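J.: Got a file for you: coords35.cif, mmCIF, C-alpha atoms and all ligand atoms.
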```cif
data_structure
loop_
_atom_site.label_atom_id
_atom_site.label_comp_id
_atom_site.auth_asym_id
_atom_site.auth_seq_id
_atom_site.Cartn_x
_atom_site.Cartn_y
_atom_site.Cartn_z
CA MET A 1 -36.74 -24.40 6.00
CA ARG A 2 -34.13 -27.01 6.78
CA PHE A 3 -30.39 -26.98 5.95
CA ASP A 4 -28.19 -30.07 6.04
CA ILE A 5 -24.49 -29.29 5.69
CA VAL A 6 -22.13 -32.15 4.78
CA THR A 7 -18.47 -31.47 5.58
CA ILE A 8 -15.26 -33.05 6.81
CA PHE A 9 -14.91 -30.10 9.27
CA PRO A 10 -18.18 -29.92 11.24
CA GLN A 11 -16.61 -27.74 13.96
CA PHE A 12 -16.09 -24.96 11.40
CA PHE A 13 -19.79 -24.14 11.73
CA GLU A 14 -20.06 -23.74 15.52
CA GLY A 15 -19.44 -19.99 15.63
CA PHE A 16 -21.54 -19.35 12.54
CA LEU A 17 -24.57 -21.18 13.97
CA SER A 18 -24.43 -19.61 17.42
CA HIS A 19 -24.34 -15.88 16.58
CA GLY A 20 -26.43 -13.13 15.03
CA ILE A 21 -29.29 -13.58 12.61
CA VAL A 22 -28.61 -17.30 12.08
CA ARG A 23 -28.76 -17.98 15.81
CA ARG A 24 -31.97 -15.96 16.17
CA ALA A 25 -33.64 -17.68 13.19
CA ARG A 26 -32.78 -21.08 14.70
CA GLN A 27 -34.06 -20.11 18.15
CA ARG A 28 -37.34 -19.02 16.60
CA SER A 29 -37.52 -22.26 14.57
CA GLN A 30 -37.60 -20.33 11.29
CA VAL A 31 -34.76 -22.58 10.15
CA GLN A 32 -33.27 -25.91 11.24
CA VAL A 33 -29.57 -26.36 10.50
CA SER A 34 -27.84 -29.72 10.95
CA VAL A 35 -24.15 -30.25 10.29
CA HIS A 36 -23.03 -33.76 9.30
CA ASP A 37 -19.53 -35.23 9.29
CA LEU A 38 -18.88 -36.85 5.89
CA ARG A 39 -16.76 -39.47 7.69
CA ASP A 40 -19.92 -40.76 9.40
CA PHE A 41 -21.03 -42.03 5.97
CA THR A 42 -17.95 -44.20 5.45
CA TYR A 43 -17.92 -47.90 6.41
CA ASP A 44 -14.18 -48.63 6.39
CA ARG A 45 -12.07 -48.72 9.51
CA HIS A 46 -10.14 -45.52 8.71
CA HIS A 47 -13.16 -43.48 7.51
CA VAL A 48 -11.50 -42.62 4.21
CA VAL A 49 -13.31 -39.86 2.25
CA ASP A 50 -10.76 -39.14 -0.51
CA ASP A 51 -8.60 -40.91 -3.09
CA ARG A 52 -6.14 -40.15 -5.91
CA PRO A 53 -7.49 -38.78 -9.21
CA PHE A 54 -7.85 -41.11 -12.23
CA GLY A 55 -5.63 -39.88 -15.05
CA GLY A 56 -3.12 -38.53 -12.56
CA SER A 57 -2.44 -35.02 -11.19
CA ASP A 58 -1.80 -33.42 -7.82
CA GLY A 59 -4.01 -33.67 -4.79
CA MET A 60 -6.88 -35.82 -3.67
CA VAL A 61 -10.49 -36.10 -4.78
CA LEU A 62 -13.53 -36.65 -2.54
CA LYS A 63 -14.89 -40.17 -3.18
CA PRO A 64 -18.47 -40.55 -4.42
CA GLU A 65 -19.76 -43.25 -2.03
CA PRO A 66 -19.88 -41.30 1.29
CA ILE A 67 -21.53 -38.32 -0.45
CA PHE A 68 -24.15 -40.45 -2.24
CA ARG A 69 -24.94 -42.17 1.08
CA ALA A 70 -25.13 -38.87 2.98
CA VAL A 71 -27.60 -37.35 0.49
CA GLU A 72 -29.69 -40.55 0.44
CA ALA A 73 -29.81 -40.53 4.24
CA LEU A 74 -30.73 -36.83 4.50
CA THR A 75 -33.38 -36.48 1.76
CA HIS A 76 -36.59 -38.16 0.70
CA PRO A 77 -36.34 -39.73 -2.75
CA PHE A 78 -38.47 -38.13 -5.50
CA GLN A 79 -38.32 -34.66 -3.87
CA TYR A 80 -35.53 -33.55 -6.15
CA THR A 81 -34.11 -34.22 -9.60
CA PRO A 82 -30.34 -34.29 -10.13
CA LEU A 83 -28.67 -31.79 -12.44
CA GLY A 84 -27.59 -34.35 -15.02
CA GLU A 85 -31.21 -35.35 -15.62
CA ASP A 86 -33.23 -32.13 -15.98
CA ARG A 87 -32.04 -28.63 -15.08
CA GLN A 88 -35.56 -27.15 -15.06
CA ALA A 89 -36.94 -29.87 -12.78
CA ALA A 90 -33.92 -29.49 -10.50
CA GLU A 91 -34.63 -25.76 -10.08
CA GLN A 92 -38.30 -26.24 -9.24
CA ALA A 93 -38.10 -29.19 -6.81
CA PRO A 94 -38.76 -28.54 -3.08
CA VAL A 95 -35.33 -29.95 -2.19
CA SER A 96 -31.99 -28.62 -3.47
CA VAL A 97 -28.73 -30.52 -3.20
CA ILE A 98 -25.92 -28.04 -3.76
CA VAL A 99 -22.26 -28.80 -4.40
CA LEU A 100 -20.01 -25.87 -3.44
CA THR A 101 -17.12 -25.59 -5.85
CA PRO A 102 -15.14 -22.86 -7.63
CA GLN A 103 -16.33 -24.57 -10.86
CA GLY A 104 -19.98 -23.79 -10.05
CA LYS A 105 -22.51 -21.26 -11.34
CA PRO A 106 -22.06 -17.84 -9.67
CA PHE A 107 -24.12 -17.43 -6.48
CA THR A 108 -26.12 -14.18 -6.65
CA GLN A 109 -28.84 -12.39 -4.69
CA ALA A 110 -31.36 -13.67 -7.27
CA GLU A 111 -30.17 -17.23 -6.61
CA ALA A 112 -30.49 -16.64 -2.84
CA ALA A 113 -34.08 -15.46 -3.36
CA ARG A 114 -34.91 -18.53 -5.47
CA LEU A 115 -33.40 -20.89 -2.90
CA SER A 116 -35.21 -19.16 0.00
CA GLN A 117 -38.42 -20.81 -1.31
CA LYS A 118 -37.10 -24.37 -0.78
CA GLU A 119 -38.21 -26.75 1.98
CA GLN A 120 -34.77 -28.30 2.36
CA ILE A 121 -31.26 -27.48 1.15
CA VAL A 122 -28.35 -29.92 1.39
CA LEU A 123 -24.95 -28.22 1.10
CA ILE A 124 -21.99 -30.40 0.16
CA CYS A 125 -18.62 -28.83 0.98
CA GLY A 126 -15.75 -29.72 -1.32
CA ARG A 127 -12.15 -30.12 -0.15
CA TYR A 128 -8.90 -31.23 -1.67
CA GLU A 129 -8.71 -30.93 -5.46
CA GLY A 130 -12.39 -31.53 -6.02
CA ILE A 131 -15.33 -33.91 -5.80
CA ASP A 132 -15.86 -36.95 -8.01
CA GLU A 133 -17.94 -35.58 -10.91
CA ARG A 134 -20.58 -38.31 -10.53
CA VAL A 135 -21.83 -36.39 -7.49
CA ALA A 136 -22.53 -33.22 -9.51
CA GLN A 137 -24.19 -35.15 -12.34
CA ASN A 138 -26.26 -37.68 -10.38
CA VAL A 139 -26.95 -36.31 -6.90
CA ALA A 140 -26.68 -32.51 -7.02
CA THR A 141 -29.39 -30.12 -8.23
CA ASP A 142 -26.95 -27.17 -8.36
CA GLU A 143 -23.22 -26.45 -8.40
CA LEU A 144 -22.49 -23.01 -6.93
CA SER A 145 -19.40 -20.81 -6.62
CA ILE A 146 -19.36 -17.68 -4.44
CA GLY A 147 -16.88 -15.74 -6.57
CA ASP A 148 -13.84 -15.71 -8.80
CA TYR A 149 -11.19 -16.80 -6.31
CA VAL A 150 -10.20 -20.15 -4.84
CA LEU A 151 -10.96 -21.08 -1.23
CA SER A 152 -9.31 -24.04 0.48
CA GLY A 153 -12.74 -25.65 0.90
CA GLY A 154 -16.47 -25.23 0.49
CA GLU A 155 -17.14 -24.60 4.22
CA VAL A 156 -16.82 -20.82 4.08
CA ALA A 157 -18.92 -20.82 0.89
CA ALA A 158 -21.62 -22.91 2.64
CA MET A 159 -21.81 -20.25 5.36
CA VAL A 160 -22.03 -17.48 2.75
CA VAL A 161 -24.82 -19.24 0.86
CA SER A 162 -26.85 -20.24 3.93
CA ASP A 163 -26.49 -16.80 5.57
CA ALA A 164 -27.69 -15.02 2.42
CA ILE A 165 -30.73 -17.34 2.25
CA ILE A 166 -31.60 -17.36 5.98
CA ARG A 167 -31.74 -13.57 6.22
CA LEU A 168 -34.36 -13.56 3.45
CA LEU A 169 -36.74 -15.84 5.36
CA PRO A 170 -39.90 -14.07 6.61
CA GLU A 171 -39.47 -12.33 9.99
CA THR A 172 -35.74 -13.08 10.16
CA LEU A 173 -34.48 -9.51 9.74
CA GLY A 174 -35.36 -6.85 12.31
CA SER A 175 -37.42 -4.93 9.78
CA ALA A 176 -39.39 -6.70 7.08
CA THR A 177 -38.52 -3.98 4.55
CA SER A 178 -34.73 -3.99 4.97
CA ALA A 179 -34.11 -6.91 2.62
CA VAL A 180 -36.23 -5.31 -0.11
CA ASN A 181 -34.48 -1.96 0.11
CA GLU A 182 -30.86 -2.97 -0.18
CA SER A 183 -28.04 -3.34 -2.68
CA PHE A 184 -28.59 -5.68 -5.62
CA SER A 185 -32.35 -5.79 -5.16
CA ALA A 186 -32.11 -2.34 -6.77
CA GLY A 187 -29.41 -3.20 -9.37
CA ARG A 188 -26.85 -0.91 -7.77
CA LEU A 189 -24.71 -0.64 -4.64
CA ASP A 190 -26.14 0.94 -1.49
CA TYR A 191 -25.55 4.56 -0.50
CA PRO A 192 -22.94 5.45 2.17
CA VAL A 193 -24.20 5.93 5.73
CA TYR A 194 -23.05 8.05 8.69
CA THR A 195 -23.86 8.24 12.41
CA ARG A 196 -22.90 10.46 15.35
CA PRO A 197 -20.71 12.36 16.04
CA ALA A 198 -21.52 14.93 13.31
CA CYS A 199 -17.87 16.00 13.39
CA TYR A 200 -15.15 13.49 14.28
CA ARG A 201 -11.48 14.60 14.21
CA GLY A 202 -12.54 17.42 11.93
CA LEU A 203 -14.31 14.98 9.55
CA GLU A 204 -17.79 16.32 8.88
CA VAL A 205 -20.89 14.32 7.97
CA PRO A 206 -22.14 15.54 4.55
CA LYS A 207 -24.38 18.57 5.11
CA GLU A 208 -27.10 17.17 2.81
CA LEU A 209 -27.89 14.54 5.46
CA MET A 210 -28.26 17.13 8.24
CA THR A 211 -31.06 19.19 6.68
CA GLY A 212 -34.00 16.94 7.59
CA HIS A 213 -35.20 17.62 4.05
CA HIS A 214 -36.34 14.21 2.86
CA ALA A 215 -36.29 14.85 -0.90
CA GLU A 216 -32.80 16.36 -0.76
CA ILE A 217 -31.51 13.42 1.32
CA ASP A 218 -33.02 10.93 -1.13
CA LEU A 219 -31.37 12.71 -4.08
CA TRP A 220 -27.98 12.81 -2.34
CA ARG A 221 -28.17 9.10 -1.43
CA ARG A 222 -29.11 8.05 -4.92
CA ARG A 223 -26.29 10.11 -6.38
CA LYS A 224 -23.65 8.69 -4.00
CA ALA A 225 -24.93 5.16 -4.58
CA LEU A 226 -24.62 5.60 -8.34
CA GLU A 227 -21.16 7.20 -8.09
CA LYS A 228 -19.92 4.24 -6.05
CA THR A 229 -21.52 1.74 -8.41
CA LYS A 230 -19.92 3.45 -11.41
CA ALA A 231 -16.50 3.37 -9.71
CA TYR A 232 -16.54 -0.18 -8.30
CA ARG A 233 -19.17 -2.08 -10.28
CA PRO A 234 -19.64 -0.54 -13.74
CA ASP A 235 -20.91 -3.97 -14.86
CA LEU A 236 -24.08 -3.37 -12.80
CA LEU A 237 -24.84 -0.21 -14.81
CA ARG A 238 -24.55 -1.81 -18.24
CA ASP A 239 -28.26 -2.57 -18.11
CA THR A 240 -29.77 0.72 -16.92
CA ALA A 241 -33.29 -0.73 -17.31
CA ALA A 242 -32.81 -2.11 -13.78
CA LEU A 243 -32.78 1.51 -12.51
CA ASP A 244 -35.86 3.66 -11.95
CA ALA A 245 -36.40 6.88 -13.92
CA LEU A 246 -34.85 9.21 -11.30
CA ASP A 247 -31.71 7.02 -10.99
CA GLN A 248 -31.35 7.00 -14.78
CA LYS A 249 -31.56 10.80 -14.82
CA ILE A 250 -29.01 11.19 -11.99
CA LEU A 251 -26.65 8.77 -13.76
CA LYS A 252 -26.85 10.86 -16.94
CA THR A 253 -25.98 13.95 -14.87
CA ILE A 254 -22.97 12.17 -13.31
CA GLU A 255 -21.78 11.07 -16.75
CA ALA A 256 -22.27 14.57 -18.25
CA GLU A 257 -20.25 16.09 -15.39
CA ALA A 258 -17.46 13.56 -15.94
CA GLU A 259 -17.44 14.51 -19.65
CA ASP A 260 -17.16 18.22 -18.77
CA ARG A 261 -14.09 17.53 -16.66
CA HIS A 262 -12.29 15.97 -19.62
CL1 LIG B 1 -17.99 -22.75 -3.45
N1 LIG B 1 -15.48 -23.44 -3.04
C1 LIG B 1 -14.15 -23.22 -3.09
N2 LIG B 1 -13.31 -24.14 -2.64
N3 LIG B 1 -13.61 -22.10 -3.59
C2 LIG B 1 -14.48 -21.18 -4.03
C3 LIG B 1 -15.86 -21.34 -4.00
C4 LIG B 1 -16.34 -22.52 -3.50
N4 LIG B 1 -16.43 -20.25 -4.52
C5 LIG B 1 -15.42 -19.44 -4.85
N5 LIG B 1 -14.24 -20.00 -4.57
#
```
How would this structure read if it were set down as structure tokens?
T.:
Amino acid sequence: MRFDIVTIFPQFFEGFLSHGIVRRARQRSQVQVSVHDLRDFTYDRHHVVDDRPFGGSDGMVLKPEPIFRAVEALTHPFQYTPLGEDRQAAEQAPVSVIVLTPQGKPFTQAEAARLSQKEQIVLICGRYEGIDERVAQNVATDELSIGDYVLSGGEVAAMVVSDAIIRLLPETLGSATSAVNESFSAGRLDYPVYTRPACYRGLEVPKELMTGHHAEIDLWRRRKALEKTKAYRPDLLRDTAALDALDQKILKTIEAEAEDRH
């Protein structure tokens, strides 16, 4: 897989690219990541990438021309279909061109899994008050947001999106099963974990984990995972069909116990 990141702050990505799983995946050639300065796709003397919004309002808008040129330079024509033309075709093409914006579709684990099948992903980082809408309609295959808050630019979001995808690539994680086993693949948050020492400042590790009894440990973990999910992410439990039969049973027990306390 290949990533091309288009940004006005290429240096932002230096630390991200040279540490951890992303660094290892690059060293092993599981992924190629290139970062491109949007200003390199301007032709004017001052390398201007932004301009004032038509209709008036605060702030500056990223101009379409440098972004169109960057995408044309970084992709092969006919390998992708822009969003404004055909959403279905855009999703299935081997190349994705993604605009990162708080106005985008929410980025999820399912979206990361879909994108991990692509040959090439171009990430366009927004700045200022936004990007000329002709980019989203005529060049992009997706507009993504990483959550309901506003960042000062798309750079951090580009790292979030590419990290979530890269760790799903085959042989990227230490253990091939760890990506399958985790939060969100299972429709709930993960269980809490502990390590040594067994007692720290009088704080004991839960005794259920110290028994070596596999079935009891599994039951305890499922229960804690569901309690946390209920507390922090009740939205994930609205569709209990995503849970297996044992989780559904444990959840009913948790809910019955909460009833009893009222
Ligand atoms: Cl993708 N960009 C910006 N600027 N803010 C965001 C975001 C993206 N996702 C959530 N907030």
J.: Pull the closest atom pair for each residue of chain A that gets at most 7 Å from ligand LIG 1 (chain B), along with the distance in Å to one decimal, counting all atoms listed in the file, ordering rows by chain and then ascending residue number, as a tab-separated table.
T.:
```
residue	atom	partner	partner_atom	distance
A:Leu100	CA	B:LIG1	CL1	3.7
A:Thr101	CA	B:LIG1	CL1	3.8
A:Pro102	CA	B:LIG1	C3	4.0
A:Gly104	CA	B:LIG1	CL1	7.0
A:Gly126	CA	B:LIG1	N2	6.2
A:Arg127	CA	B:LIG1	N2	6.6
A:Leu144	CA	B:LIG1	CL1	5.7
A:Ser145	CA	B:LIG1	N4	3.7
A:Ile146	CA	B:LIG1	N4	3.9
A:Gly147	CA	B:LIG1	C5	4.3
A:Asp148	CA	B:LIG1	C5	5.7
A:Tyr149	CA	B:LIG1	N5	4.8
A:Val150	CA	B:LIG1	N5	4.1
A:Leu151	CA	B:LIG1	N3	3.7
A:Ser152	CA	B:LIG1	N2	5.1
A:Gly153	CA	B:LIG1	N2	3.9
A:Gly154	CA	B:LIG1	N1	4.1
A:Ala157	CA	B:LIG1	CL1	4.8
```
J.: Could you name the residues that touch A:Gln137 at 7 Å or less, counting all atoms listed in the file, but leaving out those on the same chain fewer than 3 positions away, as an mmCIF file with C-alpha atoms, in the coordinates of the input?
T.:
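File written: result-v5.cif
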```cif
data_model
loop_
_atom_site.group_PDB
_atom_site.id
_atom_site.type_symbol
_atom_site.label_atom_id
_atom_site.label_comp_id
_atom_site.auth_asym_id
_atom_site.auth_seq_id
_atom_site.Cartn_x
_atom_site.Cartn_y
_atom_site.Cartn_z
ATOM 1 C CA PRO A 82 -30.340 -34.290 -10.130
ATOM 2 C CA LEU A 83 -28.670 -31.790 -12.440
ATOM 3 C CA GLY A 84 -27.590 -34.350 -15.020
ATOM 4 C CA GLU A 133 -17.940 -35.580 -10.910
ATOM 5 C CA ARG A 134 -20.580 -38.310 -10.530
ATOM 6 C CA ALA A 140 -26.680 -32.510 -7.020
#
```
J.: Quick one: residues within 12 Å of A:His47, all atoms listed in the file counted, chain neighbours fewer than 3 positions away excluded, as a PDB file with C-alpha atoms, in the coordinates of the input?
T.:
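Result saved to result-v4.pdb:
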```pdb
ATOM      1  CA  ILE A   8     -15.260 -33.050   6.810  1.00  0.00           C
ATOM      2  CA  ASP A  37     -19.530 -35.230   9.290  1.00  0.00           C
ATOM      3  CA  LEU A  38     -18.880 -36.850   5.890  1.00  0.00           C
ATOM      4  CA  ARG A  39     -16.760 -39.470   7.690  1.00  0.00           C
ATOM      5  CA  ASP A  40     -19.920 -40.760   9.400  1.00  0.00           C
ATOM      6  CA  PHE A  41     -21.030 -42.030   5.970  1.00  0.00           C
ATOM      7  CA  THR A  42     -17.950 -44.200   5.450  1.00  0.00           C
ATOM      8  CA  TYR A  43     -17.920 -47.900   6.410  1.00  0.00           C
ATOM      9  CA  ASP A  44     -14.180 -48.630   6.390  1.00  0.00           C
ATOM     10  CA  ASP A  50     -10.760 -39.140  -0.510  1.00  0.00           C
ATOM     11  CA  ASP A  51      -8.600 -40.910  -3.090  1.00  0.00           C
ATOM     12  CA  LYS A  63     -14.890 -40.170  -3.180  1.00  0.00           C
ATOM     13  CA  GLU A  65     -19.760 -43.250  -2.030  1.00  0.00           C
ATOM     14  CA  PRO A  66     -19.880 -41.300   1.290  1.00  0.00           C
TER      15      PRO A  66
END
```
J.: So that I can check the surroundings of A:Pro192, please list as a list in words every protein, DNA and RNA residue that reaches within 8 Å of it, counting only C-alpha atoms and ignoring chain neighbours fewer than 3 positions away.
T.: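 The neighbour list is Arg221, Lys224 and Ala225 of chain A.
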J.: Just the residues within 8 Å of A:Ile124, please, counting all atoms listed in the file, with nothing from its chain fewer than 5 positions along; format it as a list in words.
T.: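 Everything that qualifies: Ile5, Val6, Thr7, Ile67, Val97, Ile98, Val99, Leu100, Gly154 and Ala158 of chain A.
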J.: Between A:Val71, A:Leu168, A:Val161, A:Ala110, which is the closest to A:Thr141 once you count only C-alpha atoms?
T.: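 Result for the nearest residue to A:Thr141: A:Val71.
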J.: Residues near A:Val95, anyone? I mean within 9 Å using all atoms listed in the file, not counting same-chain ones fewer than 3 positions away, as a ChimeraX atom specification.
T.: /A:75-76,79-81,90-92,118-122,141
J.: With only C-alpha atoms as the atoms that count, which of A:Arg222, A:Arg201, A:Arg196, A:Arg2 lies nearest to A:Leu251?
T.: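 Looking only at the distances to A:Leu251, the closest residue turns out to be A:Arg222.
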J.: With all atoms listed in the file as the basis for distance, which of A:Asp132, A:Asp244, A:Glu255, A:Asp58 is at the shortest distance from A:Ala231?
T.: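 Closest candidate: A:Glu255.
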J.: Give the answer as one residue: which of A:Asp163, A:Pro197, A:Gln88, A:Ala136 has the shortest atom-to-atom distance to A:Gly20, using only C-alpha atoms?
T.: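 Ranking A:Asp163, A:Pro197, A:Gln88, A:Ala136 by distance to A:Gly20, first place goes to A:Asp163.
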J.: When distances are computed from all atoms listed in the file, which of A:Leu17, A:Ala258, A:Ala113, A:Ile250 shows the smallest separation from A:Pro170?
T.: A:Ala113
J.: In Å, with one decimal, what is the gap from atom CA of A:Thr172 to atom CA of A:Ser34?
T.: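 Between atom CA of A:Thr172 and atom CA of A:Ser34 the gap is 18.4 Å.
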J.: So the first atom is atom CA of A:Arg69 and the second is atom CA of A:Tyr128; what is the distance between them in Å, to one decimal place?
T.: 19.6 Å
J.: Tell me, in Å to one decimal, how far atom CA of A:Tyr194 is from atom CA of A:Tyr232.
T.: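 We find that atom CA of A:Tyr194 and atom CA of A:Tyr232 lie 20.0 Å from each other.
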J.: Edge lengths and centre in Å to one decimal, as JSON, of the axis-aligned box that encloses all listed atoms of stretch 115-119 of chain A with 5 Å added on every side?
T.:
```
{"center_x": -35.9, "center_y": -23.0, "center_z": -0.5, "size_x": 15.0, "size_y": 17.6, "size_z": 14.9}
```
J.: Kindly indicate which residue among A:Glu111, A:Asp260, A:Glu204, A:Glu182 lies nearest to A:Ser162, using all atoms listed in the file for the distances.
T.: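 Going through A:Glu111, A:Asp260, A:Glu204, A:Glu182 one by one, the smallest distance to A:Ser162 is for A:Glu111.
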